[in-house]
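Next comes coords00.txt, with compact mmCIF, C-alpha atoms and all ligand atoms.
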```txt
# COMPACT_ATOMS: atom_id res chain seq x y z
CA MET A 751 -6.12 -10.02 -20.48
CA PRO A 752 -9.35 -8.07 -20.05
CA THR A 753 -9.40 -4.35 -20.66
CA PRO A 754 -8.61 -2.58 -17.39
CA LEU A 755 -11.64 -0.90 -15.86
CA SER A 756 -9.90 2.41 -15.35
CA ARG A 757 -11.90 5.62 -15.03
CA ARG A 758 -15.22 3.83 -15.03
CA SER A 759 -17.94 6.10 -13.81
CA PHE A 760 -18.32 6.07 -10.06
CA LEU A 761 -22.09 6.12 -10.29
CA SER A 762 -22.33 3.10 -12.52
CA THR A 763 -19.97 1.07 -10.33
CA SER A 764 -21.93 2.02 -7.24
CA ALA A 765 -25.07 0.82 -8.95
CA THR A 766 -23.33 -2.46 -9.80
CA LEU A 767 -22.27 -2.88 -6.21
CA ALA A 768 -25.76 -2.30 -4.95
CA ALA A 769 -27.13 -4.71 -7.55
CA VAL A 770 -24.91 -7.58 -6.42
CA GLY A 771 -25.50 -6.76 -2.78
CA ALA A 772 -21.82 -6.11 -2.33
CA VAL A 773 -22.22 -3.28 0.12
CA ALA A 774 -21.39 -4.10 3.72
CA GLY A 775 -24.24 -5.81 5.48
CA ALA A 776 -25.92 -7.23 2.38
CA ALA A 777 -26.82 -10.90 2.43
CA THR A 778 -25.51 -11.94 -1.01
CA THR A 779 -22.72 -14.51 -0.76
CA PRO A 780 -19.63 -14.31 -2.98
CA ASP A 781 -20.84 -17.37 -4.86
CA GLN A 782 -24.26 -15.84 -5.51
CA ALA A 783 -22.65 -12.60 -6.63
CA ASN A 784 -20.11 -14.38 -8.81
CA ALA A 785 -22.82 -16.51 -10.40
CA MET A 786 -24.39 -13.35 -11.79
CA GLU A 787 -21.41 -12.41 -13.95
CA PRO A 788 -18.72 -14.57 -15.58
CA ILE A 789 -15.30 -13.86 -14.10
CA ASP A 790 -12.40 -12.93 -16.37
CA THR A 791 -9.57 -14.73 -14.64
CA ILE A 792 -6.06 -13.54 -15.43
CA GLU A 793 -3.64 -16.45 -15.71
CA GLY A 794 -0.14 -16.43 -14.27
CA PRO A 795 1.38 -14.12 -11.68
CA VAL A 796 -0.17 -10.68 -11.15
CA PHE A 797 1.46 -7.81 -9.28
CA ALA A 798 -0.20 -4.47 -8.61
CA SER A 799 1.24 -1.51 -6.75
CA THR A 800 0.64 2.11 -5.93
CA TRP A 801 1.96 4.82 -8.27
CA ALA A 802 4.03 4.65 -11.44
CA PHE A 803 7.17 4.01 -9.40
CA GLY A 804 5.60 0.71 -8.39
CA GLN A 805 6.20 -0.67 -11.88
CA ALA A 806 9.87 -1.38 -11.15
CA ALA A 807 8.81 -3.14 -7.93
CA ASN A 808 6.25 -5.25 -9.79
CA GLU A 809 8.80 -6.30 -12.37
CA GLU A 810 11.40 -7.15 -9.72
CA ALA A 811 8.72 -9.18 -7.92
CA GLN A 812 7.90 -11.02 -11.14
CA ARG A 813 11.59 -11.80 -11.78
CA THR A 814 12.01 -13.00 -8.19
CA LEU A 815 9.00 -15.28 -8.42
CA ALA A 816 10.71 -17.21 -11.21
CA HIS A 817 13.15 -18.60 -8.60
CA GLY A 818 11.56 -17.78 -5.22
CA ASP A 819 8.23 -17.80 -3.46
CA LEU A 820 5.58 -15.09 -3.40
CA LEU A 821 6.83 -13.54 -0.14
CA ASP A 822 10.34 -13.34 -1.62
CA ALA A 823 8.81 -11.61 -4.62
CA ILE A 824 6.97 -9.03 -2.49
CA GLU A 825 10.05 -8.42 -0.33
CA GLN A 826 12.45 -8.01 -3.24
CA GLY A 827 10.05 -5.80 -5.19
CA ILE A 828 9.72 -3.42 -2.25
CA ARG A 829 13.46 -3.51 -1.47
CA LEU A 830 14.10 -2.10 -4.92
CA VAL A 831 12.04 1.01 -4.11
CA GLU A 832 13.51 1.28 -0.60
CA ALA A 833 17.02 1.36 -2.10
CA ASP A 834 16.19 4.14 -4.55
CA ALA A 835 17.50 7.37 -2.98
CA SER A 836 15.68 9.45 -5.59
CA ASN A 837 12.35 8.30 -4.16
CA HIS A 838 11.72 10.67 -1.25
CA SER A 839 8.88 8.80 0.40
CA VAL A 840 10.26 5.28 0.89
CA GLY A 841 13.42 3.90 2.52
CA LEU A 842 16.83 5.49 1.83
CA GLY A 843 16.39 9.13 0.84
CA GLY A 844 12.95 9.24 2.48
CA THR A 845 11.72 12.50 4.01
CA PRO A 846 12.59 12.87 7.71
CA ASN A 847 10.39 13.72 10.65
CA ALA A 848 10.31 17.17 12.25
CA ASN A 849 13.56 16.38 14.11
CA GLY A 850 15.40 15.47 10.91
CA VAL A 851 15.29 11.71 11.54
CA VAL A 852 14.01 9.33 8.85
CA GLU A 853 11.63 6.94 10.64
CA LEU A 854 10.34 4.11 8.48
CA ASP A 855 7.13 2.04 8.54
CA ALA A 856 6.56 -1.26 6.70
CA CYS A 857 4.53 -4.45 6.82
CA ILE A 858 4.13 -7.74 4.99
CA MET A 859 1.26 -10.25 4.99
CA ASP A 860 0.89 -13.83 3.79
CA GLY A 861 -2.67 -14.46 2.61
CA THR A 862 -2.40 -18.22 2.96
CA THR A 863 -1.52 -18.31 6.65
CA TYR A 864 -2.82 -14.86 7.63
CA ASN A 865 0.58 -14.29 9.22
CA ALA A 866 1.88 -10.76 9.21
CA GLY A 867 4.90 -8.77 10.33
CA SER A 868 5.32 -5.06 10.78
CA VAL A 869 7.75 -2.36 11.92
CA ALA A 870 6.91 1.25 12.73
CA GLY A 871 8.88 4.40 13.43
CA MET A 872 12.13 2.51 12.85
CA PRO A 873 15.29 4.56 12.27
CA GLY A 874 18.63 3.57 10.76
CA ILE A 875 17.82 0.38 8.84
CA ALA A 876 17.93 0.26 5.05
CA HIS A 877 15.17 -2.25 4.38
CA PRO A 878 12.17 -2.13 6.74
CA ILE A 879 10.25 -4.62 4.57
CA SER A 880 12.90 -7.26 5.35
CA VAL A 881 12.64 -6.47 9.05
CA ALA A 882 8.85 -6.82 8.85
CA ARG A 883 9.29 -10.21 7.20
CA ARG A 884 11.68 -11.34 9.97
CA VAL A 885 9.18 -10.16 12.60
CA MET A 886 6.59 -12.38 10.89
CA GLU A 887 8.82 -15.39 10.47
CA LYS A 888 11.20 -15.26 13.45
CA THR A 889 9.13 -13.92 16.33
CA LYS A 890 5.82 -14.59 18.05
CA HIS A 891 4.82 -10.99 17.43
CA VAL A 892 3.27 -9.00 14.61
CA MET A 893 4.67 -5.52 15.23
CA LEU A 894 7.87 -3.98 16.58
CA VAL A 895 8.42 -0.24 16.92
CA GLY A 896 11.24 2.29 17.11
CA GLU A 897 14.49 1.38 18.80
CA GLY A 898 13.30 -2.15 19.58
CA ALA A 899 12.64 -2.75 15.90
CA ARG A 900 16.07 -1.38 15.00
CA GLU A 901 17.83 -3.60 17.56
CA PHE A 902 15.92 -6.64 16.33
CA ALA A 903 16.95 -5.84 12.74
CA LEU A 904 20.62 -5.57 13.75
CA ASP A 905 20.38 -8.86 15.71
CA GLN A 906 19.02 -10.45 12.54
CA GLY A 907 22.07 -9.22 10.64
CA LEU A 908 20.12 -6.70 8.57
CA GLU A 909 21.85 -3.70 7.12
CA ALA A 910 22.20 -0.46 9.13
CA ALA A 911 22.21 2.74 7.09
CA GLU A 912 22.19 6.51 7.35
CA LEU A 913 18.83 7.11 5.67
CA LEU A 914 18.97 10.91 5.55
CA THR A 915 20.56 11.90 2.23
CA GLU A 916 22.23 15.30 1.75
CA ASN A 917 19.42 16.39 -0.52
CA ARG A 918 16.76 15.60 2.12
CA ARG A 919 18.86 17.15 4.89
CA GLN A 920 19.02 20.45 3.00
CA LYS A 921 15.28 20.37 2.32
CA TRP A 922 14.59 19.64 5.97
CA GLU A 923 16.84 22.53 7.08
CA ALA A 924 15.03 24.89 4.71
CA TRP A 925 11.70 23.63 6.08
CA LYS A 926 12.88 24.22 9.67
CA LYS A 927 14.01 27.75 8.89
CA GLU A 928 10.93 28.80 6.96
CA GLN A 929 8.40 26.35 8.45
CA ILE A 930 6.80 26.07 5.00
CA GLU A 931 4.03 23.53 5.30
CA MET A 932 4.38 20.85 2.63
CA SER A 933 1.15 20.25 0.79
CA LEU A 934 -0.46 16.97 1.82
CA GLN A 935 -0.07 15.65 -1.69
CA GLU A 936 3.66 16.38 -1.99
CA SER A 937 4.57 15.27 1.53
CA HIS A 938 3.93 11.56 1.13
CA ASP A 939 3.65 8.49 -1.15
CA THR A 940 3.94 4.85 -0.24
CA ILE A 941 4.75 1.64 -2.07
CA ALA A 942 1.99 -0.89 -1.43
CA LEU A 943 2.58 -4.01 -3.53
CA VAL A 944 0.06 -6.85 -3.72
CA GLY A 945 0.60 -10.04 -5.67
CA ARG A 946 -1.01 -13.29 -6.73
CA ALA A 947 1.16 -16.20 -7.81
CA ALA A 948 0.19 -18.56 -10.65
CA ASP A 949 -1.02 -21.10 -8.05
CA GLY A 950 -3.56 -18.58 -6.74
CA THR A 951 -1.79 -17.71 -3.49
CA LEU A 952 -1.82 -14.07 -2.38
CA ALA A 953 0.55 -11.81 -0.42
CA GLY A 954 1.37 -8.14 -0.03
CA GLY A 955 3.70 -5.59 1.49
CA CYS A 956 3.87 -1.89 2.16
CA SER A 957 6.75 0.53 2.94
CA THR A 958 7.02 4.28 3.54
CA SER A 959 8.86 7.07 5.29
CA GLY A 960 5.40 8.46 6.03
CA TRP A 961 4.21 12.03 6.23
CA GLY A 962 7.10 14.42 5.62
CA TYR A 963 8.17 16.36 8.77
CA LYS A 964 5.72 14.38 10.88
CA LEU A 965 6.02 14.58 14.66
CA ALA A 966 8.71 12.22 15.94
CA GLY A 967 7.05 8.90 16.71
CA ARG A 968 4.08 9.44 14.37
CA VAL A 969 2.99 6.21 12.72
CA GLY A 970 0.63 6.15 9.74
CA ASP A 971 -1.46 3.44 8.15
CA SER A 972 1.29 1.70 6.19
CA PRO A 973 2.49 -0.71 8.91
CA ILE A 974 -1.02 -1.29 10.27
CA ILE A 975 -2.49 -4.63 9.18
CA GLY A 976 -5.97 -3.81 7.85
CA GLY A 977 -5.06 -0.14 7.45
CA GLY A 978 -2.36 0.27 4.80
CA LEU A 979 -2.46 -3.40 3.76
CA TYR A 980 -4.63 -6.48 4.07
CA VAL A 981 -4.47 -9.88 2.39
CA ASP A 982 -7.05 -12.66 2.58
CA GLY A 983 -5.80 -15.69 0.66
CA GLN A 984 -9.34 -16.79 -0.12
CA VAL A 985 -10.39 -13.43 -1.49
CA GLY A 986 -7.81 -10.82 -2.50
CA ALA A 987 -5.43 -8.13 -1.29
CA ALA A 988 -5.51 -4.36 -0.97
CA GLY A 989 -3.02 -1.62 -0.13
CA ALA A 990 -3.26 2.11 0.47
CA THR A 991 -1.48 5.39 -0.03
CA GLY A 992 -2.46 8.85 1.13
CA VAL A 993 -2.97 10.43 4.52
CA GLY A 994 -2.56 7.49 6.86
CA GLU A 995 -4.64 9.08 9.59
CA ASN A 996 -7.64 8.94 7.23
CA VAL A 997 -6.98 5.36 6.12
CA MET A 998 -6.31 3.71 9.48
CA ARG A 999 -9.37 5.13 11.26
CA TYR A 1000 -11.58 3.29 8.76
CA CYS A 1001 -9.53 0.07 8.39
CA GLY A 1002 -9.40 0.96 4.70
CA SER A 1003 -7.54 -2.02 3.20
CA PHE A 1004 -9.50 -4.49 5.32
CA LEU A 1005 -12.73 -2.92 4.12
CA ALA A 1006 -11.67 -3.20 0.47
CA VAL A 1007 -10.89 -6.91 0.91
CA GLU A 1008 -14.17 -7.51 2.75
CA LEU A 1009 -16.07 -5.87 -0.09
CA MET A 1010 -14.35 -8.23 -2.53
CA ALA A 1011 -15.36 -11.14 -0.28
CA ARG A 1012 -18.96 -10.04 -0.76
CA GLY A 1013 -18.68 -10.04 -4.54
CA ALA A 1014 -17.20 -6.69 -5.54
CA THR A 1015 -14.49 -6.54 -8.19
CA PRO A 1016 -11.20 -4.99 -7.03
CA GLU A 1017 -12.09 -1.70 -8.69
CA GLU A 1018 -15.58 -1.65 -7.19
CA ALA A 1019 -14.13 -2.46 -3.77
CA CYS A 1020 -11.65 0.42 -3.98
CA ILE A 1021 -14.32 2.88 -5.12
CA ASP A 1022 -16.71 1.82 -2.37
CA THR A 1023 -13.97 2.05 0.26
CA VAL A 1024 -13.13 5.62 -0.75
CA GLU A 1025 -16.81 6.48 -0.88
CA SER A 1026 -17.44 4.91 2.52
CA ILE A 1027 -14.62 6.97 4.07
CA GLY A 1028 -15.99 10.04 2.31
CA ARG A 1029 -19.46 9.44 3.78
CA LYS A 1030 -18.13 9.12 7.32
CA ASP A 1031 -15.33 11.67 7.45
CA PRO A 1032 -16.43 15.19 8.38
CA LYS A 1033 -13.88 16.63 5.93
CA ALA A 1034 -14.72 17.14 2.25
CA LEU A 1035 -13.60 14.16 0.15
CA GLU A 1036 -10.95 16.21 -1.66
CA GLU A 1037 -9.31 16.89 1.72
CA VAL A 1038 -9.23 13.26 2.84
CA HIS A 1039 -6.46 11.92 0.51
CA VAL A 1040 -7.18 8.18 0.55
CA ASN A 1041 -6.24 5.90 -2.35
CA PHE A 1042 -6.42 2.12 -2.73
CA VAL A 1043 -5.17 -0.57 -5.10
CA ALA A 1044 -6.52 -4.13 -5.02
CA ILE A 1045 -6.33 -7.51 -6.71
CA ASP A 1046 -8.47 -10.57 -6.20
CA LYS A 1047 -7.75 -14.29 -6.29
CA HIS A 1048 -8.78 -14.35 -9.96
CA GLY A 1049 -6.00 -11.89 -10.80
CA ARG A 1050 -8.40 -9.05 -11.49
CA HIS A 1051 -7.13 -5.63 -10.42
CA GLY A 1052 -8.32 -2.09 -9.87
CA ALA A 1053 -7.73 1.12 -7.96
CA ALA A 1054 -9.56 4.23 -6.84
CA GLY A 1055 -8.72 7.30 -4.87
CA SER A 1056 -9.89 10.66 -3.70
CA ASP A 1057 -6.69 12.20 -5.12
CA GLU A 1058 -6.81 13.22 -8.76
CA GLY A 1059 -3.72 11.78 -10.44
CA PHE A 1060 -3.50 8.63 -8.35
CA ALA A 1061 -2.30 5.81 -10.60
CA TYR A 1062 -1.31 2.19 -10.09
CA SER A 1063 1.12 -0.16 -11.79
CA ILE A 1064 0.10 -3.60 -12.97
CA THR A 1065 2.36 -6.39 -14.18
CA THR A 1066 1.10 -9.68 -15.64
CA GLN A 1067 2.47 -12.20 -18.11
CA ALA A 1068 1.27 -9.79 -20.80
CA GLY A 1069 3.57 -7.00 -19.56
CA SER A 1070 3.42 -3.89 -17.40
CA GLU A 1071 1.18 -0.87 -17.52
CA VAL A 1072 0.53 2.24 -15.43
CA ILE A 1073 -3.23 2.82 -15.13
CA ASP A 1074 -5.10 5.90 -13.94
CA ALA A 1075 -7.15 4.97 -10.89
CA VAL A 1076 -10.81 5.92 -10.72
CA HIS A 1077 -11.03 9.39 -9.21
CA VAL A 1078 -13.84 9.41 -6.66
CA THR A 1079 -15.24 12.86 -6.08
CA GLY A 1080 -17.59 14.06 -3.39
N1 LIG B 1101 0.06 6.54 3.94
C1 LIG B 1101 1.38 7.01 4.27
C2 LIG B 1101 1.37 7.56 5.66
O1 LIG B 1101 0.42 8.21 6.03
C3 LIG B 1101 1.90 8.02 3.34
C4 LIG B 1101 1.47 7.90 1.91
O2 LIG B 1101 1.11 6.89 1.43
O3 LIG B 1101 1.46 8.87 1.19
O4 LIG B 1101 2.34 7.41 6.34
```
Represent the structure from my file as structure tokens, please.
Ligand code: ASP
Amino acid sequence: MPTPLSRRSFLSTSATLAAVGAVAGAATTPDQANAMEPIDTIEGPVFASTWAFGQAANEEAQRTLAHGDLLDAIEQGIRLVEADASNHSVGLGGTPNANGVVELDACIMDGTTYNAGSVAGMPGIAHPISVARRVMEKTKHVMLVGEGAREFALDQGLEAAELLTENRRQKWEAWKKEQIEMSLQESHDTIALVGRAADGTLAGGCSTSGWGYKLAGRVGDSPIIGGGLYVDGQVGAAGATGVGENVMRYCGSFLAVELMARGATPEEACIDTVESIGRKDPKALEEVHVNFVAIDKHGRHGAAGSDEGFAYSITTQAGSEVIDAVHVTG
């Protein structure tokens, strides 16, 4: 396994990107770009996810892949995080909206078929990732929202649940009384899990309770295909965490995958995506809160973010590791 490219200098990676013509609009094809540098392929399954808590999801995905397919692996990995009530940004025990209701967002994408399924603003169902998968596999649609998504989940026999735990209810009541604004960094965190099976196929999923105390009905980037997640089976996969409003307006995960299609490594693609958002957004980069993790079809992986402290989890045949993402500064 090659040494992970964590904390490589932003300037030197930008220079590499420019050199291979990997920036959007350049004419270099992936084959031309790849011909310039030998590719360190990682053999066997590779799972990468946002944050240190993603490691358990990666490992569950890897176990599942031993007896299931890649979509099963993604679904089961994310279900593990959704079921963890001590994680306050995903699934059961997630942080509610301003009305005290936990509304969940999730999506899943199959890189081979480019099929996708998604649910947004869905209350009362324990595993939104499983609902997203049913939307993909059992309907003609890509996205269901709110009460319609919940009814569909129940029709599919999926588990209903009270998602607001006592701990979160008390926090929400304190927030309502004092109206203390949660800092952007403490009010969110998403599991985005991307994987490549040993046969080279790619898939990914994403699940979150979104921005804590958001307006009822607010939907972030996580269930938006191309925003919080994108998978191209011929190229790679990327997922996001951070302030969804600042990811979805720039089609962040789609951009990261497109940059890989033009020859960037996963790490270079994540850095350039953050930098591209930073160039366009009127806010200072440290106020944008956008973070990406990516893998490519060769099993290479990388991550970058505008948040200091963003880390990603990687699991391969060689084991699991939590790696500091490249911190892109303005
Ligand atoms: N991106 C998610 C959202 O905006 C939250 C997060 O990842 O922190 O809903």
Length of the atom CA of Gly970 of chain A to atom CA of Gln826 of chain A vector [Å]: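 Atom CA of Gln826 of chain A lies at a distance of 22.6 Å from atom CA of Gly970 of chain A.
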Residues within 6 Å of ligand LIG 1101 (chain B), counting only C-alpha atoms and all ligand atoms, as a PyMOL selection string: chain A and resi 938-940+960-961+970-972+991-994
Any chance you could export the current selection's C-alpha atoms as a compact mmCIF listing (two decimals), in the frame of the given file?
```txt
# COMPACT_ATOMS: atom_id res chain seq x y z
CA HIS A 938 3.93 11.56 1.13
CA ASP A 939 3.65 8.49 -1.15
CA THR A 940 3.94 4.85 -0.24
CA GLY A 960 5.40 8.46 6.03
CA TRP A 961 4.21 12.03 6.23
CA GLY A 970 0.63 6.15 9.74
CA ASP A 971 -1.46 3.44 8.15
CA SER A 972 1.29 1.70 6.19
CA THR A 991 -1.48 5.39 -0.03
CA GLY A 992 -2.46 8.85 1.13
CA VAL A 993 -2.97 10.43 4.52
CA GLY A 994 -2.56 7.49 6.86
```
Do you have, as JSON lines, the list of residues of segment 904-1015 of chain A lying at most 10 Å from segment 1057-1075 of chain A, each with its nearest atom pair and that distance in Å to one decimal, counting all atoms listed in the file and ordered by chain then number?
```
{"residue": "A:Gln935", "atom": "CA", "partner": "A:Asp1057", "partner_atom": "CA", "distance": 8.2}
{"residue": "A:Ala942", "atom": "CA", "partner": "A:Tyr1062", "partner_atom": "CA", "distance": 9.8}
{"residue": "A:Leu943", "atom": "CA", "partner": "A:Ser1063", "partner_atom": "CA", "distance": 9.2}
{"residue": "A:Val944", "atom": "CA", "partner": "A:Ile1064", "partner_atom": "CA", "distance": 9.8}
{"residue": "A:Gly945", "atom": "CA", "partner": "A:Thr1065", "partner_atom": "CA", "distance": 9.4}
{"residue": "A:Arg946", "atom": "CA", "partner": "A:Thr1066", "partner_atom": "CA", "distance": 9.8}
{"residue": "A:Thr991", "atom": "CA", "partner": "A:Phe1060", "partner_atom": "CA", "distance": 9.2}
{"residue": "A:Gly992", "atom": "CA", "partner": "A:Asp1057", "partner_atom": "CA", "distance": 8.3}
```
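Excluding Asp819 of chain A and any residue on its chain fewer than 5 positions from it, the residues at most 12 Å away by all atoms listed in the file are Pro795, Ala811, Gln812, Arg813, Thr814, Ile824, Glu825, Gln826, Asp860, Gly945, Arg946, Ala947, Ala948, Asp949, Thr951, Leu952 and Ala953 of chain A.
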Shortest interatomic distance to Gln906 of chain A - which of A:Ala1044, A:Leu820, A:Ile875, A:Ile930, counting all atoms listed in the file: A:Ile875
Atomic separation - atom CA of Ile974 of chain A relative to atom CA of Ala856 of chain A, Å: 8.4 Å
Point (-10.4, -15.7, -17.2) neighbourhood (10 Å, all atoms listed in the file) written as a ChimeraX atom specification: /A:751-752,788-793,1048-1050
Atom CA of His817 of chain A to atom CA of Gly950 of chain A, straight-line distance in Å: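 Taking atom CA of Gly950 of chain A and atom CA of His817 of chain A, their separation equals 16.8 Å.
Using all atoms listed in the file, the protein and nucleic acid residues lying no more than 8 Å from Ala876 of chain A, apart from those fewer than 5 places from it along its own chain, are Glu832, Ala833, Gly841, Leu842, Glu909, Ala910, Ala911, Glu912 and Leu913 of chain A.
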Just-selected residues, C-alpha atoms written as an mmCIF file, keeping the file's coordinate frame:
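The result, stored in result.cif:
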```cif
data_model
loop_
_atom_site.group_PDB
_atom_site.id
_atom_site.type_symbol
_atom_site.label_atom_id
_atom_site.label_comp_id
_atom_site.auth_asym_id
_atom_site.auth_seq_id
_atom_site.Cartn_x
_atom_site.Cartn_y
_atom_site.Cartn_z
ATOM 1 C CA GLU A 832 13.510 1.280 -0.600
ATOM 2 C CA ALA A 833 17.020 1.360 -2.100
ATOM 3 C CA GLY A 841 13.420 3.900 2.520
ATOM 4 C CA LEU A 842 16.830 5.490 1.830
ATOM 5 C CA GLU A 909 21.850 -3.700 7.120
ATOM 6 C CA ALA A 910 22.200 -0.460 9.130
ATOM 7 C CA ALA A 911 22.210 2.740 7.090
ATOM 8 C CA GLU A 912 22.190 6.510 7.350
ATOM 9 C CA LEU A 913 18.830 7.110 5.670
#
```
From A:Ile858, A:Ile941, A:Val869, A:Val895, residue lying nearest Gly976 of chain A [only C-alpha atoms]: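 Nearest candidate to Gly976 of chain A out of A:Ile858, A:Ile941, A:Val869, A:Val895: A:Ile858.
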Which of A:Gly1028, A:Gly954, A:Gly962, A:Gly1013 sits closest to Tyr864 of chain A [using only C-alpha atoms]: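 The shortest atom-to-atom distance to Tyr864 of chain A comes from A:Gly954.
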Best match for closeness to Asn917 of chain A among A:Ser880, A:Thr845, A:Thr800, A:Ser959, counting only C-alpha atoms: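 Ranked by minimum distance to Asn917 of chain A, first place goes to A:Thr845.
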Shortest interatomic distance to Glu923 of chain A - which of A:Glu1036, A:Asn847, A:Glu1018, A:Ala806, counting all atoms listed in the file: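 So, comparing all the options, the nearest one is A:Asn847.
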Residue nearest Glu1037 of chain A - candidates A:Thr958, A:Thr1023, A:Asn837, A:Ser1056, atoms counted: all atoms listed in the file: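 Of the candidates, the smallest distance to Glu1037 of chain A is held by A:Ser1056.
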Using only C-alpha atoms, which protein or nucleic acid residues come within 12 Å of Asn849 of chain A? Drop anything in the same chain fewer than 3 positions from it, and give the result as a PDB file with C-alpha atoms, in the frame of the given file.
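Full text of around_13.pdb as output:
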```pdb
ATOM      1  CA  THR A 845      11.720  12.500   4.010  1.00  0.00           C
ATOM      2  CA  PRO A 846      12.590  12.870   7.710  1.00  0.00           C
ATOM      3  CA  VAL A 852      14.010   9.330   8.850  1.00  0.00           C
ATOM      4  CA  GLU A 853      11.630   6.940  10.640  1.00  0.00           C
ATOM      5  CA  LEU A 914      18.970  10.910   5.550  1.00  0.00           C
ATOM      6  CA  ARG A 919      18.860  17.150   4.890  1.00  0.00           C
ATOM      7  CA  TRP A 922      14.590  19.640   5.970  1.00  0.00           C
ATOM      8  CA  GLU A 923      16.840  22.530   7.080  1.00  0.00           C
ATOM      9  CA  TRP A 925      11.700  23.630   6.080  1.00  0.00           C
ATOM     10  CA  LYS A 926      12.880  24.220   9.670  1.00  0.00           C
ATOM     11  CA  GLY A 962       7.100  14.420   5.620  1.00  0.00           C
ATOM     12  CA  TYR A 963       8.170  16.360   8.770  1.00  0.00           C
ATOM     13  CA  LYS A 964       5.720  14.380  10.880  1.00  0.00           C
ATOM     14  CA  LEU A 965       6.020  14.580  14.660  1.00  0.00           C
ATOM     15  CA  ALA A 966       8.710  12.220  15.940  1.00  0.00           C
ATOM     16  CA  GLY A 967       7.050   8.900  16.710  1.00  0.00           C
ATOM     17  CA  ARG A 968       4.080   9.440  14.370  1.00  0.00           C
TER      18      ARG A 968
END
```
